[in-house]
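Student: Submitted below is the structure of interest, expressed as structure tokens.
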Amino acid sequence: MCLSGQSFLLSLIFEKNMRIFVPNILFMRMKVLLINGSPKDKGNTFLALSEVAKALNEEGVETEIVSIGKQPVPGCIACGMCGRTGKCTFNDAPYFSILRAVKEGIDGLVVGSPVYYGGPNGSLCALLDRVFYSLSNHLKFLPAASVVVCRRGGASAAFDRLNKYFTITNMPVVSSQYWNMVYGQTPGQASLDEEGMQTMRTLGHNMAWMIRQLNIAADGHPQLEAPLRTNFIR
Ligand SMILES: Cc1cc2nc3c(=O)[nH]c(=O)nc-3n(C[C@H](O)[C@H](O)[C@H](O)COP(=O)(O)O)c2cc1C
């Protein structure tokens with residue numbers, strides 16, 4: 001059965017043989033963090049993410065967009081410090097904003113990237129390596145999605161690369177009606193890609209639906225086995 005909006009809420013209230021049952025989800029604040037990997041604060045990636053955010057907001061889900069900005073972003077130096085302190089040794093603004101949002105509590109994550117040379121842009125990957133290496137325990141089981149924007153080619157390779165962060169972190173990947181890609185070159189052009197923008201809206205609605213389903217699931221999430229790391233060497 002596919003329910004949305006008001007009918008979804010009413011069905012929850014009146015289920016259980018018409019006895020009034022008000023689920024916690026009605027009072028729960030739900031929030032999705034969106035990371036804009038473009039150095040352009042208001043470029044095409046921001047436009048695509050804003051369309052996802054608008055759909056989430058329509059469903060009662062709060063959103064916050066963190067932009068990576070124009071400053072150089074350090075990459076992971078494999079120092080292992082995060083394993084001891086629970087946070088990256090570098091304290092740059094984008095990492096700190098994400099750390100704060102994650103610690104305050106988020107219910108979903110969307111990562112947006114412009115396509116650079118057929119992949120996600122370098123600064124974003126530098127940041128995400130550190131975010132996922134240091135915060136994977138806080139991110140696991142959160143629904144996640146990536147969104148990519150390109151002028152002409154490389155979108156699906158960039159999309160696949162970003163999704164790898166989620167699929168190694170026990171994060172359910174939210175899908176849409178098409179792969180999450182939007183076309184545009186100069187800032188603003190993305191809004192002319194009608195199918196791309198519709199794909200963004202569908203993604204937002206699908207993510208809100210998945211967050212609600214996971215929040216009302218009685219059995220919580222699976223118990224994970226202790227990780228095995230064989231590194232292909234016995
Ligand atoms: C260094 C660089 C590399 C790029 N590489 C590609 C590419 O491989 N394929 C493509 O279609 N567009 C490429 N583009 C274009 C951007 O992906 C496109 O302009 C996008 O809309 C920028 O998004 P933004 O406004 O959010 O920064 C590249 C742009 C730059 C600056």
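Just so we're on the same page: first chain in the structure tokens is A, next is B, and so on; residues restart at 1 for each chain, and ligands are numbered from 1 in the order they show up.
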Around ligand 1, at most 6 Å away and counting only C-alpha atoms and all ligand atoms, which residues are there? Put them as a PyMOL selection string, please.
Tutor: chain A and resi 38+40+43-46+114-118+149-154+184-187
Student: I need the alpha helix (DSSP H) residues of stretch 187-221 of chain A per DSSP on the backbone, written as an NGL selection string.
Tutor: :A and (194-216)
Student: With only C-alpha atoms counted and 9 Å as the cut-off, give the residues of stretch 128-205 of chain A in contact with stretch 89-107 of chain A, each with its shortest interatomic distance in Å and the pair that gives it, as CSV.
Tutor:
residue,atom,partner,partner_atom,distance
A:Leu128,CA,A:Tyr95,CA,8.7
A:Arg130,CA,A:Tyr95,CA,8.1
A:Val131,CA,A:Tyr95,CA,6.9
A:Leu135,CA,A:Leu99,CA,7.9
A:His138,CA,A:Val102,CA,7.1
A:Leu139,CA,A:Val102,CA,7.8
A:Leu142,CA,A:Asp107,CA,5.9
A:Pro143,CA,A:Asp107,CA,7.2
Student: Using the selection just defined, write its residues with C-alpha atoms as a PDB file, in the first residue's frame.
Tutor:
ATOM      1  CA  LEU A 128      34.136  12.739   2.443  1.00  0.00           C
ATOM      2  CA  ARG A 130      37.621  12.133   6.388  1.00  0.00           C
ATOM      3  CA  VAL A 131      33.905  12.355   7.234  1.00  0.00           C
ATOM      4  CA  LEU A 135      32.046   9.349  11.653  1.00  0.00           C
ATOM      5  CA  HIS A 138      27.136   7.902  13.559  1.00  0.00           C
ATOM      6  CA  LEU A 139      26.162   7.515   9.900  1.00  0.00           C
ATOM      7  CA  LEU A 142      20.885   6.516   7.869  1.00  0.00           C
ATOM      8  CA  PRO A 143      19.208   6.679   4.436  1.00  0.00           C
TER       9      PRO A 143
END
Student: Quote the spacing between atom CA of A:Pro39 and atom CA of A:Asn137 in Å to one decimal place.
Tutor: 27.7 Å
Student: Find the residues around stretch 54-58 of chain A up to 10 Å (only C-alpha atoms counted), leave out those fewer than 5 positions away in its own chain, and share them as a list in words.
Tutor: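 Close residues of stretch 54-58 of chain A: Gly5, Met30, Lys31, Val32, Leu49, Thr63, Met200, Arg201, Thr202, Leu203, Gly204, His205, Asn206, Met207, Ala208 and Trp209 of chain A.
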Student: Just list the residues in stretch 29-125 of chain A DSSP gives strand (DSSP E or B) on the backbone, as a PyMOL selection string.
Tutor: chain A and resi 31-36+62-67+108-116+119-120
Student: Export, as an mmCIF file, in the first residue's frame, the selected residues with N, CA and C atoms.
Tutor:
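Output saved as part-v4.cif:
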data_model
loop_
_atom_site.group_PDB
_atom_site.id
_atom_site.type_symbol
_atom_site.label_atom_id
_atom_site.label_comp_id
_atom_site.auth_asym_id
_atom_site.auth_seq_id
_atom_site.Cartn_x
_atom_site.Cartn_y
_atom_site.Cartn_z
ATOM 1 N N LYS A 31 15.402 15.408 10.332
ATOM 2 C CA LYS A 31 16.297 16.352 9.659
ATOM 3 C C LYS A 31 17.221 15.629 8.684
ATOM 4 N N VAL A 32 17.400 16.243 7.536
ATOM 5 C CA VAL A 32 18.335 15.713 6.541
ATOM 6 C C VAL A 32 19.433 16.748 6.304
ATOM 7 N N LEU A 33 20.662 16.267 6.332
ATOM 8 C CA LEU A 33 21.813 17.120 6.016
ATOM 9 C C LEU A 33 22.175 16.940 4.547
ATOM 10 N N LEU A 34 22.354 18.070 3.856
ATOM 11 C CA LEU A 34 22.752 18.025 2.437
ATOM 12 C C LEU A 34 24.108 18.704 2.293
ATOM 13 N N ILE A 35 25.053 18.036 1.665
ATOM 14 C CA ILE A 35 26.399 18.594 1.495
ATOM 15 C C ILE A 35 26.570 19.030 0.042
ATOM 16 N N ASN A 36 26.855 20.325 -0.137
ATOM 17 C CA ASN A 36 27.104 20.867 -1.475
ATOM 18 C C ASN A 36 28.609 20.854 -1.733
ATOM 19 N N GLU A 62 13.013 18.720 8.161
ATOM 20 C CA GLU A 62 13.927 19.872 8.177
ATOM 21 C C GLU A 62 15.143 19.567 7.325
ATOM 22 N N THR A 63 15.752 20.623 6.778
ATOM 23 C CA THR A 63 16.973 20.413 5.984
ATOM 24 C C THR A 63 18.026 21.458 6.328
ATOM 25 N N GLU A 64 19.270 21.073 6.143
ATOM 26 C CA GLU A 64 20.382 22.029 6.261
ATOM 27 C C GLU A 64 21.361 21.729 5.135
ATOM 28 N N ILE A 65 21.721 22.770 4.374
ATOM 29 C CA ILE A 65 22.718 22.577 3.311
ATOM 30 C C ILE A 65 24.047 23.156 3.778
ATOM 31 N N VAL A 66 25.070 22.301 3.829
ATOM 32 C CA VAL A 66 26.420 22.757 4.164
ATOM 33 C C VAL A 66 27.210 22.812 2.866
ATOM 34 N N SER A 67 27.786 23.986 2.574
ATOM 35 C CA SER A 67 28.583 24.126 1.350
ATOM 36 C C SER A 67 30.062 24.008 1.676
ATOM 37 N N GLY A 108 18.989 11.603 7.744
ATOM 38 C CA GLY A 108 19.336 11.237 6.377
ATOM 39 C C GLY A 108 20.432 12.154 5.864
ATOM 40 N N LEU A 109 21.093 11.709 4.794
ATOM 41 C CA LEU A 109 22.218 12.464 4.235
ATOM 42 C C LEU A 109 22.118 12.492 2.713
ATOM 43 N N VAL A 110 22.326 13.674 2.132
ATOM 44 C CA VAL A 110 22.399 13.793 0.672
ATOM 45 C C VAL A 110 23.704 14.505 0.328
ATOM 46 N N VAL A 111 24.470 13.917 -0.575
ATOM 47 C CA VAL A 111 25.735 14.520 -0.999
ATOM 48 C C VAL A 111 25.603 14.947 -2.457
ATOM 49 N N GLY A 112 25.923 16.208 -2.732
ATOM 50 C CA GLY A 112 25.834 16.726 -4.104
ATOM 51 C C GLY A 112 27.205 17.108 -4.622
ATOM 52 N N SER A 113 27.453 16.794 -5.896
ATOM 53 C CA SER A 113 28.768 17.119 -6.471
ATOM 54 C C SER A 113 28.634 17.589 -7.911
ATOM 55 N N PRO A 114 29.454 18.585 -8.298
ATOM 56 C CA PRO A 114 29.605 18.836 -9.735
ATOM 57 C C PRO A 114 30.493 17.724 -10.305
ATOM 58 N N VAL A 115 30.340 17.410 -11.565
ATOM 59 C CA VAL A 115 31.220 16.411 -12.195
ATOM 60 C C VAL A 115 32.484 17.120 -12.688
ATOM 61 N N TYR A 116 33.640 16.665 -12.197
ATOM 62 C CA TYR A 116 34.939 17.167 -12.659
ATOM 63 C C TYR A 116 35.691 15.981 -13.261
ATOM 64 N N GLY A 119 34.258 12.477 -12.607
ATOM 65 C CA GLY A 119 34.074 11.985 -11.236
ATOM 66 C C GLY A 119 33.593 13.102 -10.337
ATOM 67 N N PRO A 120 33.384 12.812 -9.041
ATOM 68 C CA PRO A 120 33.043 13.897 -8.114
ATOM 69 C C PRO A 120 34.259 14.822 -7.971
#
Student: Could you state the separation of atom CA of A:Gly75 and atom CA of A:Leu127 in Å, given to one decimal place?
Tutor: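 Computing it gives 6.3 Å between the two atoms.
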Student: If we count only C-alpha atoms and set the cut-off at 12 Å, which residues sit around A:Thr199, ignoring sequence neighbours fewer than 6 positions away in its own chain? Please answer as a ChimeraX atom specification.
Tutor: /A:48-49,51-52,55,146-148,174-183,191,193,205-206
Student: Please save N, CA and C atoms of the selected residues as a PDB file, in the first residue's frame.
Tutor:
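result.pdb, written as the output of this step:
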ATOM      1  N   ALA A  48      20.252  21.864  -7.512  1.00  0.00           N
ATOM      2  CA  ALA A  48      19.740  20.485  -7.489  1.00  0.00           C
ATOM      3  C   ALA A  48      19.417  20.072  -6.045  1.00  0.00           C
ATOM      4  N   LEU A  49      20.336  20.391  -5.123  1.00  0.00           N
ATOM      5  CA  LEU A  49      20.108  20.025  -3.714  1.00  0.00           C
ATOM      6  C   LEU A  49      18.906  20.783  -3.141  1.00  0.00           C
ATOM      7  N   GLU A  51      16.257  21.622  -4.677  1.00  0.00           N
ATOM      8  CA  GLU A  51      15.015  20.978  -5.135  1.00  0.00           C
ATOM      9  C   GLU A  51      14.717  19.733  -4.282  1.00  0.00           C
ATOM     10  N   VAL A  52      15.759  18.996  -3.918  1.00  0.00           N
ATOM     11  CA  VAL A  52      15.577  17.843  -3.010  1.00  0.00           C
ATOM     12  C   VAL A  52      15.078  18.360  -1.654  1.00  0.00           C
ATOM     13  N   ALA A  55      11.370  19.373  -1.543  1.00  0.00           N
ATOM     14  CA  ALA A  55      10.463  18.209  -1.443  1.00  0.00           C
ATOM     15  C   ALA A  55      10.479  17.638  -0.025  1.00  0.00           C
ATOM     16  N   SER A 146      23.168  10.338  -3.331  1.00  0.00           N
ATOM     17  CA  SER A 146      24.065  11.310  -3.951  1.00  0.00           C
ATOM     18  C   SER A 146      23.364  11.922  -5.161  1.00  0.00           C
ATOM     19  N   VAL A 147      23.835  13.126  -5.493  1.00  0.00           N
ATOM     20  CA  VAL A 147      23.271  13.906  -6.596  1.00  0.00           C
ATOM     21  C   VAL A 147      24.447  14.491  -7.366  1.00  0.00           C
ATOM     22  N   VAL A 148      24.448  14.360  -8.691  1.00  0.00           N
ATOM     23  CA  VAL A 148      25.571  14.914  -9.450  1.00  0.00           C
ATOM     24  C   VAL A 148      25.069  15.844 -10.554  1.00  0.00           C
ATOM     25  N   VAL A 174      18.867   5.684  -1.067  1.00  0.00           N
ATOM     26  CA  VAL A 174      17.543   6.092  -1.545  1.00  0.00           C
ATOM     27  C   VAL A 174      17.632   6.338  -3.051  1.00  0.00           C
ATOM     28  N   SER A 175      16.666   5.817  -3.778  1.00  0.00           N
ATOM     29  CA  SER A 175      16.696   5.981  -5.235  1.00  0.00           C
ATOM     30  C   SER A 175      15.601   6.943  -5.684  1.00  0.00           C
ATOM     31  N   SER A 176      15.586   7.212  -6.981  1.00  0.00           N
ATOM     32  CA  SER A 176      14.587   8.097  -7.557  1.00  0.00           C
ATOM     33  C   SER A 176      14.059   7.458  -8.844  1.00  0.00           C
ATOM     34  N   GLN A 177      13.450   8.251  -9.696  1.00  0.00           N
ATOM     35  CA  GLN A 177      12.874   7.710 -10.935  1.00  0.00           C
ATOM     36  C   GLN A 177      13.934   7.538 -12.020  1.00  0.00           C
ATOM     37  N   TYR A 178      15.095   8.113 -11.806  1.00  0.00           N
ATOM     38  CA  TYR A 178      16.227   8.012 -12.724  1.00  0.00           C
ATOM     39  C   TYR A 178      17.463   8.144 -11.859  1.00  0.00           C
ATOM     40  N   TRP A 179      18.674   7.887 -12.419  1.00  0.00           N
ATOM     41  CA  TRP A 179      19.873   8.167 -11.635  1.00  0.00           C
ATOM     42  C   TRP A 179      19.888   9.659 -11.327  1.00  0.00           C
ATOM     43  N   ASN A 180      20.397   9.979 -10.131  1.00  0.00           N
ATOM     44  CA  ASN A 180      20.245  11.361  -9.627  1.00  0.00           C
ATOM     45  C   ASN A 180      21.219  12.318 -10.305  1.00  0.00           C
ATOM     46  N   MET A 181      20.917  12.700 -11.523  1.00  0.00           N
ATOM     47  CA  MET A 181      21.802  13.609 -12.242  1.00  0.00           C
ATOM     48  C   MET A 181      21.019  14.744 -12.899  1.00  0.00           C
ATOM     49  N   VAL A 182      21.675  15.910 -12.913  1.00  0.00           N
ATOM     50  CA  VAL A 182      21.058  17.097 -13.500  1.00  0.00           C
ATOM     51  C   VAL A 182      22.083  17.714 -14.461  1.00  0.00           C
ATOM     52  N   TYR A 183      21.599  18.254 -15.565  1.00  0.00           N
ATOM     53  CA  TYR A 183      22.495  18.857 -16.550  1.00  0.00           C
ATOM     54  C   TYR A 183      22.477  20.379 -16.475  1.00  0.00           C
ATOM     55  N   SER A 191      18.332  24.519 -13.502  1.00  0.00           N
ATOM     56  CA  SER A 191      16.878  24.640 -13.296  1.00  0.00           C
ATOM     57  C   SER A 191      16.118  24.466 -14.615  1.00  0.00           C
ATOM     58  N   ASP A 193      16.759  21.975 -16.663  1.00  0.00           N
ATOM     59  CA  ASP A 193      16.677  20.527 -16.905  1.00  0.00           C
ATOM     60  C   ASP A 193      15.454  19.983 -16.153  1.00  0.00           C
ATOM     61  N   HIS A 205      11.050  13.177  -1.937  1.00  0.00           N
ATOM     62  CA  HIS A 205       9.850  12.502  -1.421  1.00  0.00           C
ATOM     63  C   HIS A 205      10.180  11.055  -1.016  1.00  0.00           C
ATOM     64  N   ASN A 206      10.979  10.381  -1.832  1.00  0.00           N
ATOM     65  CA  ASN A 206      11.347   9.000  -1.504  1.00  0.00           C
ATOM     66  C   ASN A 206      12.164   8.929  -0.217  1.00  0.00           C
TER      67      ASN A 206
END
Student: Which neighbours of A:Asn170 fall inside 8 Å, counting only C-alpha atoms, when residues of the same chain fewer than 4 positions from it are skipped, and could you give them as a PyMOL selection string?
Tutor: chain A and resi 140-141+166
Student: Between atom CA of A:Val73 and atom CA of A:Leu162, what is the distance in Å, rounded to a tenth?
Tutor: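 The value is 17.3 Å.
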